[in-house]
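**Student:** Please see the structure below; I have some questions.
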Amino acid sequence: MKRSPELKRILAYELPDGKLEESRDYHLANKRSRWKLERSYSEDWLKRWDAEQGRISELERLAQDLEDRSDDISDKEFEIEYERIKAALREVRERVRDVSSRRDYTVNFHRIEEIGSLRELCEKFPIQFIPRKQEIGRLLALARQMHVERVAKGHAEPDEPIRVVDVGGANGALGRLMTDLARENGIAIEFVVVDAHLATVSRAKESYADDPALRFVEKFSDEFVASEYADHPIIRPLLARRMEAISWERKREADLKIVLDHACAKRAARLMDREGVQKLLGILKKDFQIDAPDWIENDEDGSSSKFHRFISFSNESDYPIEAANLHFRRDANGRIDAITKKIEQTLLTERSRHDLVINSWMPIGIDFTPEIRELNGAAVVYVIDNNGATGIQEFSVEAGPPRSVGYHDSYQEAEMYRMRAGWTGHSTPEIQAILKAGKRNFREECDTQFGTVYPFRNGFLVQTRLDMADGELDLTPETNGIVVNGEYPWEKEMALTEDTVGKVVKIPPASELNREDYHDFLGYLSRFP
């Protein structure tokens, strides 16, 4: 990674400053009052902080030494030492904040078939949405319809089982429900759960060892996609090139944020003069290819307000330091997207690999939609949640731009897919809040101590490959030869009749949606009761 000498000096200079994110003053002035932390917690925090002072001083000395030598060492040597100090500071921060005691996943492991009530489902929290048996029937119907079409098109052999992949499937709850329903109907199925959370996946794999149709893979989505194309002469090098590009651009993005934070801090301290502004403009151009507009120049009093306005604000964002970030991220994403486009154009010329790819959960603020598409299923289903539990949605509760290079709005069709249908359901957090508030009506919004809870905040988005399902897409279990008998124990407590399962709604292509619907598919589906 090439960095200018001026950039390296700023990076080394800023390395120890603020990396712990919490100082004595910040902790004492804000933490206790904002979150009403107990006295014992504050005392424990201060003890951990004091215990790290020797290590912090050592790392500050190493950072100063790196700054002094930044002009004399190679880019590679600077990168190695810089990353080593950064990693050490990160370890200190985690020890001080005691992150080891925090829950690091969104669901717990419990065998889904052993849960006997709605309250138990919410308390044990094995899945992000409340699954209805009719909904599981729809997913299996979609997979079966796609399987029949894949066999007809020569994409699969007649004796092959239905193949489903669930990316983000965690503990296999959805997979178990689908394999159970398939067995009830005498349908051969192979359901693969892909998830990177080792502890959860390991427990699920051990617990569901009695289900030969359910398999678990402990990998991140990009790792799994790479393994799928390990022998592909075109896709494999393109995937490797994209991973390298994303890694490189994210390092540059981190550098840019440090430079912009440095500039804002200098201006706030009134330490930025005309020479300092010119140096920073040079770094932005040379290291990040960001050209300053013609109107940039220092004010007569030397306050550099025009420069600050350039790096801090734009018509697209009112957040400090977002303008230059957005400019950089747009350019970087364009380079990454060009590789993704080549991958998908190549895949469209080949046979589909799976009948159905499900994304049952995507971390909030992170997008791995490209990897979902690249698994090349005949159909894709995204399980979405507007309560801020999945992906990047501009109009969701956790609205905002993507957090990093390589991320976009989630659930988009891109080169390979077209939007077909969807329906709404209940999210587990929503029902959990309603139950805790002592409410029994799950169909109407209500005010609770946790705020206003809105019904039907979970949704299912169905897309098909461009060359699949040219006619009507039929998600009715019965017309696909699937019998759905009975209901799950948690459905009885909801006192909802079968016809209240969310209605399947046709969704037009993304290009035909207005801006708000394009960013909020769940909002669109909610308009169709």
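Chain identifiers are assigned as A, B, and so on, following the order in which chains appear in the structure tokens; residues are numbered from 1 within each chain, and ligands are numbered from 1 in order of appearance.
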With a distance cut-off of 12 Å and only C-alpha atoms, select the neighbouring residues of Glu244 (chain A), excluding the residue or stretch itself and same-chain residues fewer than 5 positions from it, and output the selection as number ranges by chain.

**Tutor:** A: 1, 237-239, 249-251, 335-336, 339, 406

**Student:** Give me a file of those residues, with C-alpha atoms, as a PDB file, in the first residue's frame.

**Tutor:**
ATOM      1  CA  MET A   1       0.000   0.000   0.000  1.00  0.00           C
ATOM      2  CA  PRO A 237      -9.513 -14.990  -9.890  1.00  0.00           C
ATOM      3  CA  LEU A 238     -12.252 -12.342 -10.083  1.00  0.00           C
ATOM      4  CA  LEU A 239     -13.329 -13.109  -6.508  1.00  0.00           C
ATOM      5  CA  GLU A 249      -9.847   0.385  -0.314  1.00  0.00           C
ATOM      6  CA  ARG A 250     -10.913  -0.146   3.312  1.00  0.00           C
ATOM      7  CA  LYS A 251      -7.390   0.577   4.502  1.00  0.00           C
ATOM      8  CA  ARG A 335     -14.017   0.063  -8.926  1.00  0.00           C
ATOM      9  CA  ILE A 336     -15.262  -2.832  -6.798  1.00  0.00           C
ATOM     10  CA  ILE A 339     -15.540  -6.613 -10.747  1.00  0.00           C
ATOM     11  CA  GLY A 406     -17.844  -2.388  -0.473  1.00  0.00           C
TER      12      GLY A 406
END

**Student:** Write out as a list in words the residues lying within 6 Å of region 350-366 of chain A, counting only C-alpha atoms and excluding same-chain residues fewer than 4 positions away.

**Tutor:**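 Listed by chain and then number, they are Ala143, Met146, His147, His155, Arg163, Val164, Val165, Asp166, Val167, Gly168, Gly169, Asn376, Gly377, Ala378, Ala379, Val380, Val381, Tyr382, Val383, Ala389, Thr390, Gly391 and Ile392 of chain A.
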
**Student:** Identify which of the residues A:Trp45, A:Phe288, A:Tyr407, A:Trp295 lies closest to Arg309 (chain A), counting only C-alpha atoms when measuring atom-to-atom distances.

**Tutor:**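 Using only C-alpha atoms, Arg309 (chain A) sits closest to A:Trp295.
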
**Student:** Which residues, written as JSON, numbers by chain, have at least one atom at most 12 Å from Ala437 (chain A), with only C-alpha atoms counted and residues fewer than 6 positions away on the same chain left out?

**Tutor:** {"A": [430, 431, 446, 447, 448, 449, 450, 451, 452, 453]}

**Student:** Smallest atom-to-atom distance to Asn480 (chain A): which of A:Thr428, A:Ser74, A:Gln53, A:Gln145, using only C-alpha atoms?

**Tutor:**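 Among the listed residues, the smallest separation from Asn480 (chain A) belongs to A:Gln145.
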
**Student:** Find, counting only C-alpha atoms, the residue in A:Asn333, A:Lys341, A:Glu228, A:Lys285 that gets nearest to Ser404 (chain A).

**Tutor:**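 Selected residue with least distance to Ser404 (chain A): A:Asn333.
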
**Student:** Contacts of Val96 (chain A) at 6 Å or less, counting only C-alpha atoms, minus same-chain residues fewer than 3 places along, as an mmCIF file with N, CA, C and O atoms, in the first residue's frame?

**Tutor:**
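The resulting file, out_25.cif, is shown below:
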data_model
loop_
_atom_site.group_PDB
_atom_site.id
_atom_site.type_symbol
_atom_site.label_atom_id
_atom_site.label_comp_id
_atom_site.auth_asym_id
_atom_site.auth_seq_id
_atom_site.Cartn_x
_atom_site.Cartn_y
_atom_site.Cartn_z
ATOM 1 N N ARG A 48 -9.246 -1.445 35.644
ATOM 2 C CA ARG A 48 -8.705 -1.987 34.386
ATOM 3 C C ARG A 48 -7.915 -0.916 33.645
ATOM 4 O O ARG A 48 -6.875 -1.186 33.042
ATOM 5 N N TRP A 49 -8.414 0.316 33.671
ATOM 6 C CA TRP A 49 -7.727 1.425 33.012
ATOM 7 C C TRP A 49 -6.351 1.656 33.644
ATOM 8 O O TRP A 49 -5.336 1.776 32.948
ATOM 9 N N ARG A 93 -7.903 -1.643 24.424
ATOM 10 C CA ARG A 93 -9.267 -1.124 24.504
ATOM 11 C C ARG A 93 -10.248 -2.216 24.905
ATOM 12 O O ARG A 93 -11.128 -2.005 25.739
#

**Student:** Near Asn325 (chain A), counting only C-alpha atoms, which residues have an atom at most 9 Å away, once you skip same-chain residues fewer than 6 positions from it, shown as number ranges by chain?

**Tutor:** A: 253, 256-257, 260, 311

**Student:** Next, dump the selected residues to file, keeping only C-alpha atoms, as a short mmCIF file (atom, residue, chain, number, x, y, z; two decimals), in the first residue's frame.

**Tutor:**
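The result, stored in again_25.cif:
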data_model
loop_
_atom_site.label_atom_id
_atom_site.label_comp_id
_atom_site.auth_asym_id
_atom_site.auth_seq_id
_atom_site.Cartn_x
_atom_site.Cartn_y
_atom_site.Cartn_z
CA GLU A 253 -10.81 4.66 3.84
CA LEU A 256 -8.88 9.10 5.08
CA LYS A 257 -10.98 9.20 8.22
CA LEU A 260 -10.21 14.27 8.23
CA ILE A 311 -14.52 18.24 4.15
#

**Student:** Could you please write out, as a ChimeraX atom specification, every residue of region 87-165 of chain A that DSSP assigns to helix (DSSP H, G or I)?

**Tutor:** /A:87-97,99-101,112-114,118-124,133-153

**Student:** If you measure from CA of Trp423 (chain A) to CA of Lys133 (chain A), what distance in Å do you get, rounded to one decimal?

**Tutor:**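 Between CA of Trp423 (chain A) and CA of Lys133 (chain A) the gap is 14.2 Å.
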
**Student:** Taking only C-alpha atoms into account, which of A:Gly276, A:Gly459, A:Pro212, A:Pro5 comes nearest Asp71 (chain A)?

**Tutor:**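 Of the candidates, the smallest distance to Asp71 (chain A) is held by A:Pro5.
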
**Student:** What is the CA of Leu11 (chain A) to CA of Arg242 (chain A) distance in Å?

**Tutor:**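 Separating CA of Leu11 (chain A) from CA of Arg242 (chain A) is a distance of 25.8 Å.
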
**Student:** For Leu181 (chain A), list every protein, DNA or RNA residue within 8 Å, evaluated using only C-alpha atoms, and leave out those in the same chain fewer than 2 positions away; present the list as a list in words.

**Tutor:**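 Listed by chain and then number, they are Ile136, Gly137, Leu177, Met178, Thr179, Arg183, Glu184, Asn185 and Val484 of chain A.
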